[in-house]
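> This is run_6.cif, which holds mmCIF, C-alpha atoms and all ligand atoms:
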data_my_file
loop_
_atom_site.label_atom_id
_atom_site.label_comp_id
_atom_site.auth_asym_id
_atom_site.auth_seq_id
_atom_site.Cartn_x
_atom_site.Cartn_y
_atom_site.Cartn_z
CA MET L 1122 0.00 0.00 0.00
CA TYR L 1123 2.87 2.34 0.77
CA GLN L 1124 4.26 1.66 -2.69
CA LEU L 1125 0.88 2.47 -4.21
CA ALA L 1126 0.62 5.76 -2.30
CA VAL L 1127 4.19 6.77 -3.16
CA GLY L 1128 3.73 5.59 -6.75
CA GLN L 1129 0.71 7.88 -7.10
CA LEU L 1130 2.60 10.78 -5.53
CA ASP L 1131 5.59 10.24 -7.84
CA GLU L 1132 3.42 10.07 -10.93
CA ALA L 1133 1.45 13.18 -9.98
CA ALA L 1134 4.62 15.07 -8.97
CA ARG L 1135 6.27 14.19 -12.28
CA GLN L 1136 3.27 15.28 -14.33
CA MET L 1137 2.74 18.53 -12.41
CA GLY L 1138 6.44 19.40 -12.37
CA LEU L 1139 6.56 19.56 -8.56
CA GLN L 1140 9.72 21.05 -7.08
CA GLU L 1141 12.04 18.19 -6.08
CA ASN L 1142 12.73 19.43 -2.55
CA ILE L 1143 9.05 19.38 -1.70
CA TRP L 1144 8.39 16.17 -3.62
CA HIS L 1145 10.97 14.26 -1.59
CA ARG L 1146 9.75 15.78 1.65
CA LEU L 1147 6.26 14.45 0.92
CA ARG L 1148 7.37 10.88 0.22
CA THR L 1149 8.08 9.95 3.84
CA PRO L 1150 6.08 10.70 6.98
CA GLN L 1151 7.18 13.45 9.34
CA ARG L 1152 6.46 11.29 12.39
CA ALA L 1153 5.84 7.59 12.82
CA CYS L 1154 5.15 6.16 16.25
CA MET L 1155 5.25 2.42 16.74
CA VAL L 1156 4.38 0.72 20.01
CA SER L 1157 4.08 -2.81 21.24
CA ILE L 1158 1.59 -3.25 24.02
CA PRO L 1159 0.75 -6.06 26.42
CA PHE L 1160 -2.84 -7.13 26.22
CA ARG L 1161 -4.50 -9.43 28.74
CA GLU L 1162 -7.16 -11.78 27.36
CA ASP L 1163 -10.37 -12.50 29.26
CA ASP L 1164 -8.98 -15.70 30.80
CA TYR L 1165 -6.60 -13.38 32.71
CA ASN L 1166 -3.56 -15.64 32.26
CA THR L 1167 -2.89 -15.15 28.55
CA VAL L 1168 -1.03 -11.96 27.64
CA GLN L 1169 -0.47 -11.12 23.98
CA THR L 1170 1.92 -8.57 22.56
CA VAL L 1171 0.09 -6.37 20.05
CA PHE L 1172 1.69 -3.92 17.62
CA GLY L 1173 0.23 -0.44 17.21
CA TYR L 1174 1.04 2.49 14.95
CA ARG L 1175 0.27 6.17 14.64
CA VAL L 1176 1.72 8.03 11.68
CA GLN L 1177 1.58 11.77 11.01
CA HIS L 1178 2.41 12.34 7.38
CA LEU L 1179 2.85 16.11 7.89
CA THR L 1180 2.20 18.84 10.38
CA THR L 1181 2.11 21.61 7.78
CA MET L 1182 -1.62 22.02 7.27
CA GLY L 1183 -2.95 21.79 10.83
CA PRO L 1184 -3.35 19.03 13.41
CA GLY L 1185 -3.08 15.45 12.18
CA LYS L 1186 -6.40 13.88 11.27
CA GLY L 1187 -7.14 10.31 10.38
CA GLY L 1188 -8.78 7.06 11.33
CA LEU L 1189 -7.68 4.21 13.53
CA ARG L 1190 -8.06 0.71 12.10
CA TYR L 1191 -8.02 -2.65 13.83
CA ALA L 1192 -7.10 -5.43 11.42
CA PRO L 1193 -4.92 -8.56 11.63
CA ASN L 1194 -2.45 -7.51 8.93
CA VAL L 1195 -2.01 -3.77 9.66
CA ASP L 1196 1.59 -2.64 9.35
CA LEU L 1197 3.62 0.55 9.26
CA GLY L 1198 3.59 0.77 5.46
CA GLU L 1199 -0.19 0.51 5.29
CA VAL L 1200 -0.73 3.13 7.99
CA THR L 1201 1.80 5.45 6.32
CA ALA L 1202 0.04 5.15 2.97
CA LEU L 1203 -3.30 5.90 4.59
CA ALA L 1204 -1.81 8.93 6.38
CA MET L 1205 -0.47 10.26 3.08
CA TRP L 1206 -3.87 9.84 1.40
CA MET L 1207 -5.43 11.70 4.34
CA THR L 1208 -3.16 14.66 3.62
CA TRP L 1209 -4.29 14.87 0.01
CA LYS L 1210 -7.92 14.26 0.98
CA CYS L 1211 -7.96 17.08 3.54
CA ALA L 1212 -6.27 19.40 1.05
CA VAL L 1213 -8.75 18.51 -1.73
CA MET L 1214 -11.56 19.40 0.71
CA LYS L 1215 -9.67 22.51 1.97
CA LEU L 1216 -9.83 21.27 5.58
CA PRO L 1217 -7.28 22.66 8.07
CA PHE L 1218 -5.72 19.27 8.82
CA SER L 1219 -2.60 17.29 7.99
CA GLY L 1220 -2.96 13.59 7.21
CA ALA L 1221 -2.49 10.98 9.93
CA LYS L 1222 -3.54 7.38 10.49
CA GLY L 1223 -3.28 4.68 13.12
CA GLY L 1224 -3.66 0.97 13.40
CA LEU L 1225 -3.54 -1.99 15.75
CA ARG L 1226 -2.53 -5.37 14.39
CA ILE L 1227 -5.38 -7.44 15.81
CA ASP L 1228 -8.57 -9.10 14.58
CA PRO L 1229 -11.32 -7.20 16.46
CA THR L 1230 -14.01 -9.74 15.52
CA LYS L 1231 -12.27 -12.29 17.77
CA LEU L 1232 -12.26 -10.02 20.86
CA SER L 1233 -14.87 -9.62 23.60
CA PRO L 1234 -16.05 -6.06 24.37
CA GLY L 1235 -13.93 -6.11 27.53
CA GLU L 1236 -10.83 -7.12 25.58
CA LEU L 1237 -11.47 -4.46 22.97
CA GLN L 1238 -11.83 -1.84 25.66
CA ARG L 1239 -8.63 -2.79 27.52
CA LEU L 1240 -6.65 -2.86 24.31
CA THR L 1241 -7.98 0.52 23.18
CA ARG L 1242 -7.27 2.19 26.51
CA ARG L 1243 -3.74 0.84 26.70
CA PHE L 1244 -2.99 1.90 23.12
CA THR L 1245 -4.31 5.41 23.87
CA ALA L 1246 -2.12 5.64 26.95
CA GLU L 1247 0.94 4.53 24.95
CA ILE L 1248 0.54 7.19 22.27
CA ILE L 1249 -0.83 9.94 24.50
CA ASP L 1250 2.17 12.21 23.91
CA VAL L 1251 1.67 12.36 20.16
CA ILE L 1252 -2.12 12.90 20.07
CA GLY L 1253 -4.38 15.76 21.17
CA PRO L 1254 -7.15 18.02 19.83
CA ASP L 1255 -4.50 20.43 18.52
CA ARG L 1256 -2.01 17.73 17.61
CA ASP L 1257 -3.61 14.63 16.14
CA ILE L 1258 -7.27 13.60 16.16
CA MET L 1259 -8.45 10.02 15.61
CA ALA L 1260 -11.67 8.69 14.05
CA PRO L 1261 -13.22 5.29 13.28
CA ASP L 1262 -11.96 3.25 10.34
CA LEU L 1263 -11.94 -0.44 9.44
CA GLY L 1264 -12.76 -2.51 12.55
CA THR L 1265 -13.32 0.44 14.90
CA ASP L 1266 -16.50 2.34 15.72
CA GLU L 1267 -17.99 5.06 17.91
CA GLN L 1268 -17.60 2.92 21.05
CA VAL L 1269 -13.85 2.66 20.45
CA MET L 1270 -13.75 6.45 20.03
CA ALA L 1271 -15.62 6.86 23.34
CA TRP L 1272 -12.98 4.76 25.17
CA ILE L 1273 -10.18 6.81 23.61
CA MET L 1274 -11.89 10.05 24.62
CA ASP L 1275 -12.43 8.77 28.17
CA THR L 1276 -8.83 7.55 28.57
CA TYR L 1277 -7.39 10.80 27.23
CA SER L 1278 -9.75 12.93 29.35
CA ALA L 1279 -8.94 10.94 32.50
CA GLN L 1280 -5.24 11.66 31.97
CA LYS L 1281 -5.88 15.38 31.42
CA GLY L 1282 -8.34 15.71 34.29
CA TYR L 1283 -11.15 17.29 32.25
CA PRO L 1284 -13.29 16.21 29.27
CA VAL L 1285 -11.55 16.61 25.92
CA PRO L 1286 -14.17 15.74 23.28
CA GLY L 1287 -12.01 17.18 20.47
CA ILE L 1288 -9.47 14.33 20.83
CA VAL L 1289 -11.60 12.09 18.57
CA THR L 1290 -14.35 12.40 16.00
CA GLY L 1291 -16.96 9.80 15.14
CA LYS L 1292 -17.79 9.50 18.85
CA PRO L 1293 -21.29 8.85 20.27
CA LEU L 1294 -23.72 11.78 20.33
CA GLU L 1295 -24.01 11.62 24.13
CA ILE L 1296 -20.37 12.66 24.58
CA GLY L 1297 -20.18 15.33 21.90
CA GLY L 1298 -20.46 13.38 18.66
CA SER L 1299 -22.02 15.05 15.64
CA LEU L 1300 -25.34 14.30 14.07
CA GLY L 1301 -24.75 13.00 10.55
CA ARG L 1302 -21.14 11.86 11.13
CA LYS L 1303 -21.87 8.14 11.04
CA GLU L 1304 -23.51 8.41 7.61
CA ALA L 1305 -21.12 11.06 6.26
CA THR L 1306 -18.66 8.88 4.33
CA GLY L 1307 -21.45 7.01 2.55
CA ARG L 1308 -23.27 10.28 1.93
CA GLY L 1309 -20.12 11.70 0.33
CA VAL L 1310 -19.69 8.56 -1.80
CA ILE L 1311 -23.24 8.82 -3.10
CA THR L 1312 -22.95 12.59 -3.65
CA CYS L 1313 -19.96 11.85 -5.90
CA MET L 1314 -21.84 9.04 -7.63
CA LEU L 1315 -24.73 11.41 -8.36
CA GLU L 1316 -22.37 14.16 -9.57
CA ALA L 1317 -20.63 11.69 -11.89
CA CYS L 1318 -24.02 10.52 -13.23
CA ARG L 1319 -25.10 14.13 -13.77
CA GLU L 1320 -21.86 14.97 -15.55
CA THR L 1321 -21.98 11.94 -17.85
CA GLN L 1322 -25.73 12.24 -18.40
CA ARG L 1323 -26.60 8.93 -16.80
CA ASP L 1324 -30.12 8.66 -15.40
CA VAL L 1325 -29.50 7.42 -11.86
CA THR L 1326 -32.84 5.62 -11.73
CA ARG L 1327 -31.61 3.38 -14.57
CA GLN L 1328 -28.30 2.47 -12.92
CA SER L 1329 -27.55 -0.84 -11.23
CA VAL L 1330 -25.02 -0.78 -8.41
CA ALA L 1331 -22.79 -3.39 -6.74
CA ILE L 1332 -21.14 -2.55 -3.42
CA GLN L 1333 -18.23 -4.47 -1.92
CA GLY L 1334 -18.20 -4.18 1.87
CA TYR L 1335 -21.26 -3.81 4.07
CA GLY L 1336 -19.80 -1.98 7.07
CA ASN L 1337 -20.21 1.69 7.81
CA VAL L 1338 -19.35 3.00 4.35
CA GLY L 1339 -20.90 0.20 2.29
CA SER L 1340 -24.22 -0.03 4.16
CA VAL L 1341 -24.85 3.73 4.14
CA SER L 1342 -23.85 3.92 0.47
CA ALA L 1343 -26.34 1.13 -0.29
CA ARG L 1344 -29.12 2.89 1.62
CA LEU L 1345 -28.54 6.27 0.00
CA ALA L 1346 -28.01 4.85 -3.52
CA ALA L 1347 -31.35 3.03 -3.23
CA ARG L 1348 -32.98 6.17 -1.86
CA ALA L 1349 -31.65 8.13 -4.87
CA GLY L 1350 -33.47 5.65 -7.14
CA ALA L 1351 -30.57 3.42 -8.22
CA LYS L 1352 -31.02 -0.37 -8.19
CA VAL L 1353 -28.60 -1.91 -5.68
CA VAL L 1354 -28.21 -5.48 -6.92
CA ALA L 1355 -25.27 -6.77 -4.85
CA VAL L 1356 -23.51 -6.17 -1.53
CA SER L 1357 -20.90 -8.19 0.36
CA ASP L 1358 -19.07 -8.52 3.64
CA ALA L 1359 -15.85 -10.30 4.56
CA HIS L 1360 -17.63 -13.71 4.43
CA THR L 1361 -19.94 -13.59 1.43
CA GLY L 1362 -21.75 -11.53 -1.18
CA ILE L 1363 -25.45 -11.48 -2.11
CA PHE L 1364 -26.80 -10.73 -5.58
CA ASN L 1365 -30.30 -10.20 -6.89
CA PRO L 1366 -30.46 -8.88 -10.48
CA ASN L 1367 -33.93 -7.44 -9.78
CA GLY L 1368 -32.55 -5.32 -6.94
CA LEU L 1369 -32.09 -5.99 -3.22
CA SER L 1370 -34.50 -4.57 -0.67
CA ILE L 1371 -31.99 -2.58 1.36
CA PRO L 1372 -34.26 -2.16 4.43
CA ASP L 1373 -34.65 -5.98 4.45
CA VAL L 1374 -30.88 -6.49 4.15
CA GLU L 1375 -30.31 -4.00 6.99
CA ARG L 1376 -32.78 -5.88 9.18
CA TRP L 1377 -31.09 -9.19 8.34
CA VAL L 1378 -27.64 -7.88 9.25
CA SER L 1379 -28.84 -6.28 12.48
CA GLU L 1380 -30.25 -9.68 13.51
CA HIS L 1381 -27.59 -12.02 12.09
CA ARG L 1382 -24.50 -9.77 11.89
CA TRP L 1383 -23.35 -11.29 8.55
CA LEU L 1384 -25.05 -11.38 5.13
CA ASP L 1385 -24.68 -15.15 5.04
CA GLY L 1386 -28.06 -16.88 4.67
CA TYR L 1387 -29.98 -13.83 3.42
CA PRO L 1388 -32.90 -15.50 1.62
CA GLU L 1389 -33.90 -13.15 -1.22
CA ALA L 1390 -30.66 -13.38 -3.24
CA ASP L 1391 -28.04 -15.63 -4.78
CA THR L 1392 -24.61 -15.97 -3.21
CA VAL L 1393 -21.52 -14.51 -4.88
CA THR L 1394 -17.93 -14.31 -3.75
CA ASN L 1395 -16.22 -10.96 -3.21
CA GLU L 1396 -14.21 -11.53 -6.40
CA GLU L 1397 -17.34 -12.31 -8.43
CA LEU L 1398 -19.11 -9.24 -7.12
CA LEU L 1399 -16.47 -6.97 -8.67
CA GLU L 1400 -17.14 -8.46 -12.11
CA LEU L 1401 -20.95 -8.46 -12.06
CA PRO L 1402 -22.79 -6.91 -15.03
CA VAL L 1403 -23.66 -3.61 -13.31
CA ASP L 1404 -23.39 0.08 -14.26
CA ILE L 1405 -21.72 1.29 -11.07
CA LEU L 1406 -19.26 -0.44 -8.74
CA ILE L 1407 -18.53 0.87 -5.24
CA PRO L 1408 -15.59 -0.84 -3.54
CA ALA L 1409 -16.17 -0.03 0.15
CA ALA L 1410 -14.22 -2.71 1.99
CA VAL L 1411 -10.44 -2.99 1.83
CA GLU L 1412 -7.50 -2.00 -0.36
CA ASN L 1413 -6.01 -3.76 -3.39
CA GLN L 1414 -9.26 -5.19 -4.79
CA LEU L 1415 -9.07 -3.95 -8.41
CA ARG L 1416 -5.79 -5.10 -9.88
CA ALA L 1417 -4.14 -5.95 -13.21
CA ASP L 1418 -5.58 -9.47 -13.03
CA ASN L 1419 -9.26 -8.52 -12.68
CA ALA L 1420 -9.64 -4.88 -13.84
CA GLY L 1421 -10.20 -6.01 -17.44
CA SER L 1422 -13.18 -8.10 -16.31
CA VAL L 1423 -14.96 -5.24 -14.53
CA LYS L 1424 -18.22 -4.54 -16.42
CA ALA L 1425 -19.18 -1.37 -14.53
CA ARG L 1426 -18.53 1.89 -16.40
CA LEU L 1427 -18.29 3.96 -13.22
CA VAL L 1428 -16.25 3.05 -10.13
CA VAL L 1429 -16.71 5.19 -7.00
CA GLU L 1430 -14.07 4.38 -4.39
CA GLY L 1431 -15.55 4.22 -0.90
CA ALA L 1432 -12.56 2.26 0.43
CA ASN L 1433 -9.04 3.64 0.62
CA GLY L 1434 -6.65 2.32 -2.02
CA PRO L 1435 -8.94 -0.27 -3.66
CA THR L 1436 -7.41 0.23 -7.13
CA THR L 1437 -3.79 -0.42 -8.11
CA MET L 1438 -1.95 1.79 -10.60
CA GLU L 1439 -1.98 -1.04 -13.16
CA ALA L 1440 -5.75 -1.33 -12.82
CA ASP L 1441 -6.06 2.44 -13.31
CA VAL L 1442 -4.30 2.11 -16.67
CA ILE L 1443 -6.66 -0.71 -17.72
CA PHE L 1444 -9.71 1.30 -16.63
CA ALA L 1445 -8.50 4.33 -18.58
CA SER L 1446 -8.07 2.30 -21.76
CA ASN L 1447 -11.48 0.60 -21.27
CA GLY L 1448 -13.26 3.91 -20.70
CA VAL L 1449 -14.12 3.15 -17.06
CA MET L 1450 -14.48 6.35 -15.05
CA VAL L 1451 -13.03 6.18 -11.52
CA VAL L 1452 -13.96 8.68 -8.81
CA PRO L 1453 -10.86 8.33 -6.60
CA ASP L 1454 -10.85 7.60 -2.87
CA ILE L 1455 -9.27 10.92 -1.86
CA LEU L 1456 -12.37 12.62 -3.25
CA ALA L 1457 -15.12 10.00 -3.03
CA ASN L 1458 -14.67 9.00 0.60
CA ALA L 1459 -13.74 12.47 1.88
CA GLY L 1460 -17.22 12.93 3.37
CA GLY L 1461 -16.07 11.21 6.56
CA VAL L 1462 -13.24 13.57 7.34
CA THR L 1463 -15.33 16.56 6.29
CA ALA L 1464 -18.05 15.72 8.83
CA SER L 1465 -15.25 14.95 11.29
CA TYR L 1466 -14.09 18.51 10.79
CA PHE L 1467 -17.62 19.71 11.61
CA GLU L 1468 -17.62 17.50 14.70
CA TRP L 1469 -14.23 18.81 15.83
CA LEU L 1470 -15.50 22.38 15.43
CA GLN L 1471 -18.63 21.57 17.47
CA SER L 1472 -16.55 19.86 20.17
CA ARG L 1473 -14.22 22.84 20.45
CA GLN L 1474 -16.99 25.42 20.43
CA GLN L 1475 -19.39 23.34 22.54
CA TYR L 1476 -22.05 24.19 20.02
CA LEU L 1477 -24.38 21.65 18.41
CA TRP L 1478 -25.25 21.73 14.72
CA SER L 1479 -28.54 20.30 13.49
CA GLU L 1480 -28.43 17.19 11.28
CA ASP L 1481 -29.66 19.23 8.31
CA GLN L 1482 -26.85 21.72 8.85
CA VAL L 1483 -24.25 18.92 8.82
CA ASN L 1484 -25.73 17.18 5.78
CA ASP L 1485 -26.27 20.40 3.80
CA GLN L 1486 -22.74 21.67 4.42
CA LEU L 1487 -21.30 18.24 3.69
CA VAL L 1488 -23.10 17.86 0.37
CA ARG L 1489 -22.19 21.43 -0.59
CA LEU L 1490 -18.47 20.89 0.08
CA MET L 1491 -18.48 17.49 -1.63
CA LYS L 1492 -20.10 18.93 -4.75
CA GLU L 1493 -17.68 21.85 -4.79
CA ALA L 1494 -14.72 19.49 -4.52
CA TYR L 1495 -16.11 17.19 -7.23
CA VAL L 1496 -16.64 20.11 -9.60
CA ALA L 1497 -13.12 21.46 -8.92
CA VAL L 1498 -11.49 18.06 -9.51
CA SER L 1499 -13.54 17.37 -12.60
CA ALA L 1500 -12.77 20.81 -14.10
CA LEU L 1501 -9.05 20.28 -13.50
CA ALA L 1502 -9.24 16.81 -15.07
CA ARG L 1503 -10.82 18.27 -18.20
CA ASP L 1504 -8.44 21.21 -18.28
CA ARG L 1505 -5.30 19.05 -17.96
CA ASN L 1506 -6.73 16.07 -19.82
CA VAL L 1507 -5.99 13.67 -16.97
CA SER L 1508 -8.02 11.16 -14.93
CA LEU L 1509 -10.07 12.28 -11.94
CA ARG L 1510 -7.46 10.57 -9.71
CA MET L 1511 -4.59 12.55 -11.21
CA ALA L 1512 -6.61 15.77 -10.99
CA ALA L 1513 -7.45 15.15 -7.31
CA LEU L 1514 -3.78 14.44 -6.61
CA PHE L 1515 -2.71 17.60 -8.47
CA LEU L 1516 -5.16 19.63 -6.39
CA GLY L 1517 -4.25 18.08 -3.03
CA ILE L 1518 -0.49 17.93 -3.55
CA GLY L 1519 -0.46 21.40 -5.13
CA ARG L 1520 -2.18 22.98 -2.11
CA VAL L 1521 0.19 21.25 0.32
CA ALA L 1522 3.23 22.29 -1.73
CA GLU L 1523 2.06 25.90 -1.74
CA ALA L 1524 1.50 25.82 2.04
CA LYS L 1525 5.00 24.42 2.54
CA ARG L 1526 6.47 27.12 0.34
CA ARG L 1527 4.59 29.83 2.27
CA ARG L 1528 5.63 28.51 5.68
CA GLY L 1529 9.27 28.20 4.67
CA MET L 1530 11.75 26.08 6.55
CA PHE L 1531 13.21 26.03 10.05
CA PRO L 1532 15.99 26.97 10.60
P1 LIG L 1601 -16.14 -1.40 8.52
O1 LIG L 1601 -15.26 -2.20 9.39
O2 LIG L 1601 -17.36 -0.74 9.11
O3 LIG L 1601 -16.67 -2.30 7.30
C1 LIG L 1601 -15.82 -3.01 6.45
C2 LIG L 1601 -16.65 -3.98 5.62
O4 LIG L 1601 -15.78 -4.68 4.72
C3 LIG L 1601 -17.35 -5.05 6.43
O5 LIG L 1601 -18.58 -5.41 5.81
C4 LIG L 1601 -16.38 -6.23 6.37
O6 LIG L 1601 -17.01 -7.48 6.62
C5 LIG L 1601 -15.89 -6.09 4.95
N1 LIG L 1601 -14.59 -6.71 4.69
C6 LIG L 1601 -13.54 -6.79 5.53
N2 LIG L 1601 -12.52 -7.45 4.93
C7 LIG L 1601 -12.94 -7.75 3.69
C8 LIG L 1601 -12.36 -8.42 2.58
N3 LIG L 1601 -11.11 -8.90 2.64
N4 LIG L 1601 -13.10 -8.56 1.45
C9 LIG L 1601 -14.35 -8.06 1.38
N5 LIG L 1601 -14.95 -7.43 2.39
C10 LIG L 1601 -14.25 -7.29 3.53
O7 LIG L 1601 -15.20 -0.33 7.80
P2 LIG L 1601 -15.62 1.03 7.12
O8 LIG L 1601 -15.47 2.12 8.11
O9 LIG L 1601 -16.91 0.86 6.39
O10 LIG L 1601 -14.42 1.22 6.08
C11 LIG L 1601 -14.41 0.59 4.81
C12 LIG L 1601 -13.38 1.26 3.92
O11 LIG L 1601 -13.70 2.65 3.81
C13 LIG L 1601 -11.94 1.21 4.44
O12 LIG L 1601 -11.06 1.14 3.33
C14 LIG L 1601 -11.79 2.55 5.13
O13 LIG L 1601 -10.43 2.96 5.20
C15 LIG L 1601 -12.58 3.43 4.19
N6 LIG L 1601 -13.06 4.68 4.81
C16 LIG L 1601 -13.84 4.67 5.90
C17 LIG L 1601 -14.29 5.88 6.43
C18 LIG L 1601 -15.22 5.95 7.63
O14 LIG L 1601 -15.68 7.06 7.96
N7 LIG L 1601 -15.56 4.85 8.26
C19 LIG L 1601 -13.89 7.10 5.86
C20 LIG L 1601 -13.10 7.07 4.71
C21 LIG L 1601 -12.69 5.85 4.19
#
Mind turning the file's structure into structure tokens?


Amino acid sequence: MYQLAVGQLDEAARQMGLQENIWHRLRTPQRACMVSIPFREDDYNTVQTVFGYRVQHLTTMGPGKGGLRYAPNVDLGEVTALAMWMTWKCAVMKLPFSGAKGGLRIDPTKLSPGELQRLTRRFTAEIIDVIGPDRDIMAPDLGTDEQVMAWIMDTYSAQKGYPVPGIVTGKPLEIGGSLGRKEATGRGVITCMLEACRETQRDVTRQSVAIQGYGNVGSVSARLAARAGAKVVAVSDAHTGIFNPNGLSIPDVERWVSEHRWLDGYPEADTVTNEELLELPVDILIPAAVENQLRADNAGSVKARLVVEGANGPTTMEADVIFASNGVMVVPDILANAGGVTASYFEWLQSRQQYLWSEDQVNDQLVRLMKEAYVAVSALARDRNVSLRMAALFLGIGRVAEAKRRRGMFP
């Protein structure tokens, strides 16, 4: 993943003629914190050593901002790549943040709530010196949720001696979370999907959609795509995919998952694998699970004409080339899934000002900023005759480079 992120930076820097000094500065993170922490399992006798990471790609644009993921294969390279993408994403959206990201190398689905809580609190304590509402702010990502954010906020606040809600975003409403944050990434994904349909004169009510991943981003994207009139025909989770060419009833699927946790066994659909889902005969594909899903070996088999990246890094550079030559339009992750960090920015503002926005206020501002960013990226793509991904990178990297030039260098 790090190679993908750096590869994209190199390609964009080369094409935009970025000054070498700045280019090289952007290739490696400014700070990377790695910890190993002891974690006691519920049986009390077993103690595991778990690896954790927090990477701040830059500090140029404002405090670090980025999610925290719990996954069994997380490593420093992955977290660094994600931190770099956060920098470009915040810059594309004009948010006053630098990119950061964190991860714990653990499978959260195998932990009890008590284990998850102990692990989260210990990790927070280990990295307490590098985080803070003015320093680096975490948010949910793969395998973490608002409860994990609540434990981080509580641990940090207990150390400080007063409540610090601005230390995390994506936290529960009761402790200063924002209305609309949970749905924000999916809302941003679907705003981009609708903008792309508008721009290419596709009637959204005639579009079929397949979505890989049915967690936070995937499930909200499915709900909002269906609400916009599109026909959602397939969704998947880590275990299985479900496909109904006549369209899935998303409220039914939501009910099934809330009762059974996994999609497995859902009655009104056929079963497909995650690989098969990507190649289904649909108009729009939304990868909203994990990275590295659309590669040289399967990109040529993708039937969708529009790919909207809910996940971070789902498409390799080789796949991008294949998509370009096959006329597949890709709305890149650093634009398409930027709704999450944008609503996180609103939440951070509310936490700091102790002032609550209404849900309509959050959603309206979010959709407005997403549309503005889409239009800016799309105009640049047309102007420079490049893909939407290259245009988004030009915009993000260009803004960061200009900020670096303005701030100068110490000493
Ligand atoms: P999540 O944990 O809520 O959901 C992930 C989903 O993907 C689940 O349905 C899970 O079962 C499935 N999945 C896991 N491994 C898989 C695999 N190998 N193959 C297929 N499916 C798999 O996570 P999320 O918050 O929805 O994040 C999904 C993606 O979106 C990640 O790439 C994340 O970085 C990105 N993202 C999330 C947010 C956010 O606000 N949550 C913001 C921006 C980007």

> Find the distance between atom CA of L:Pro1366 and atom O9 of ligand LIG 1601 (chain L) and write it in Å to one decimal.

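So the answer is 23.7 Å.
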
> From the set L:Ala1440, L:Met1450, L:Leu1384, L:Leu1514, which residue has the shortest atom-to-atom contact distance to ligand LIG 1601 (chain L), counting all atoms listed in the file?

L:Leu1384

> Within 8 Å of ligand LIG 1601 (chain L), which residues show up when you count all atoms listed in the file? List them as a ChimeraX atom specification, please.

/L:1188,1190,1203,1260-1266,1291,1302-1307,1333-1340,1357-1361,1383,1395,1409-1412,1431-1435,1454,1458-1462

> Which residues are near L:Ala1417? Cut-off 12 Å, only C-alpha atoms, ignore same chain within fewer than 3 positions. Put them as a PyMOL selection string.

chain L and resi 1413-1414+1420-1423+1436-1444

> In terms of the shortest atom-to-atom distance over only C-alpha atoms, which of L:Gly1517, L:Ser1370, L:Gly1448, L:Gly1301 is closest to L:Asp1481?

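With only C-alpha atoms as the atom set, the closest residue is L:Gly1301.
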
> Given only C-alpha atoms as the basis, pick out the residue of L:Tyr1387, L:Tyr1277, L:Tyr1123, L:Trp1469 nearest to L:Val1195.

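Smallest distance to L:Val1195 is found for L:Tyr1123.
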
> Could you check the closest approach to L:Val1428 for each of L:Ala1331, L:Val1498, L:Met1207, L:Ala1221 and tell me which residue wins, using only C-alpha atoms?

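Answer, going by the shortest atom-to-atom distance: L:Ala1331.
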
> For stretch 1505-1514 of chain L, supply N, CA and C atoms and report the output as a PDB file, keeping the file's coordinate frame.


ATOM      1  N   ARG L1505      -6.627  19.636 -17.780  1.00  0.00           N
ATOM      2  CA  ARG L1505      -5.300  19.050 -17.960  1.00  0.00           C
ATOM      3  C   ARG L1505      -5.341  17.728 -18.730  1.00  0.00           C
ATOM      4  N   ASN L1506      -6.550  17.319 -19.098  1.00  0.00           N
ATOM      5  CA  ASN L1506      -6.730  16.070 -19.820  1.00  0.00           C
ATOM      6  C   ASN L1506      -6.121  14.867 -19.071  1.00  0.00           C
ATOM      7  N   VAL L1507      -6.477  14.779 -17.801  1.00  0.00           N
ATOM      8  CA  VAL L1507      -5.990  13.670 -16.970  1.00  0.00           C
ATOM      9  C   VAL L1507      -7.193  13.000 -16.303  1.00  0.00           C
ATOM     10  N   SER L1508      -6.937  11.863 -15.627  1.00  0.00           N
ATOM     11  CA  SER L1508      -8.020  11.160 -14.930  1.00  0.00           C
ATOM     12  C   SER L1508      -8.450  11.970 -13.704  1.00  0.00           C
ATOM     13  N   LEU L1509      -9.611  11.604 -13.161  1.00  0.00           N
ATOM     14  CA  LEU L1509     -10.070  12.280 -11.940  1.00  0.00           C
ATOM     15  C   LEU L1509      -9.061  12.034 -10.804  1.00  0.00           C
ATOM     16  N   ARG L1510      -8.430  10.826 -10.778  1.00  0.00           N
ATOM     17  CA  ARG L1510      -7.460  10.570  -9.710  1.00  0.00           C
ATOM     18  C   ARG L1510      -6.267  11.521  -9.814  1.00  0.00           C
ATOM     19  N   MET L1511      -5.746  11.660 -11.042  1.00  0.00           N
ATOM     20  CA  MET L1511      -4.590  12.550 -11.210  1.00  0.00           C
ATOM     21  C   MET L1511      -4.974  13.987 -10.842  1.00  0.00           C
ATOM     22  N   ALA L1512      -6.178  14.394 -11.267  1.00  0.00           N
ATOM     23  CA  ALA L1512      -6.610  15.770 -10.990  1.00  0.00           C
ATOM     24  C   ALA L1512      -6.739  15.987  -9.478  1.00  0.00           C
ATOM     25  N   ALA L1513      -7.303  15.004  -8.760  1.00  0.00           N
ATOM     26  CA  ALA L1513      -7.450  15.150  -7.310  1.00  0.00           C
ATOM     27  C   ALA L1513      -6.073  15.212  -6.647  1.00  0.00           C
ATOM     28  N   LEU L1514      -5.136  14.407  -7.151  1.00  0.00           N
ATOM     29  CA  LEU L1514      -3.780  14.440  -6.610  1.00  0.00           C
ATOM     30  C   LEU L1514      -3.121  15.788  -6.892  1.00  0.00           C
TER      31      LEU L1514
END
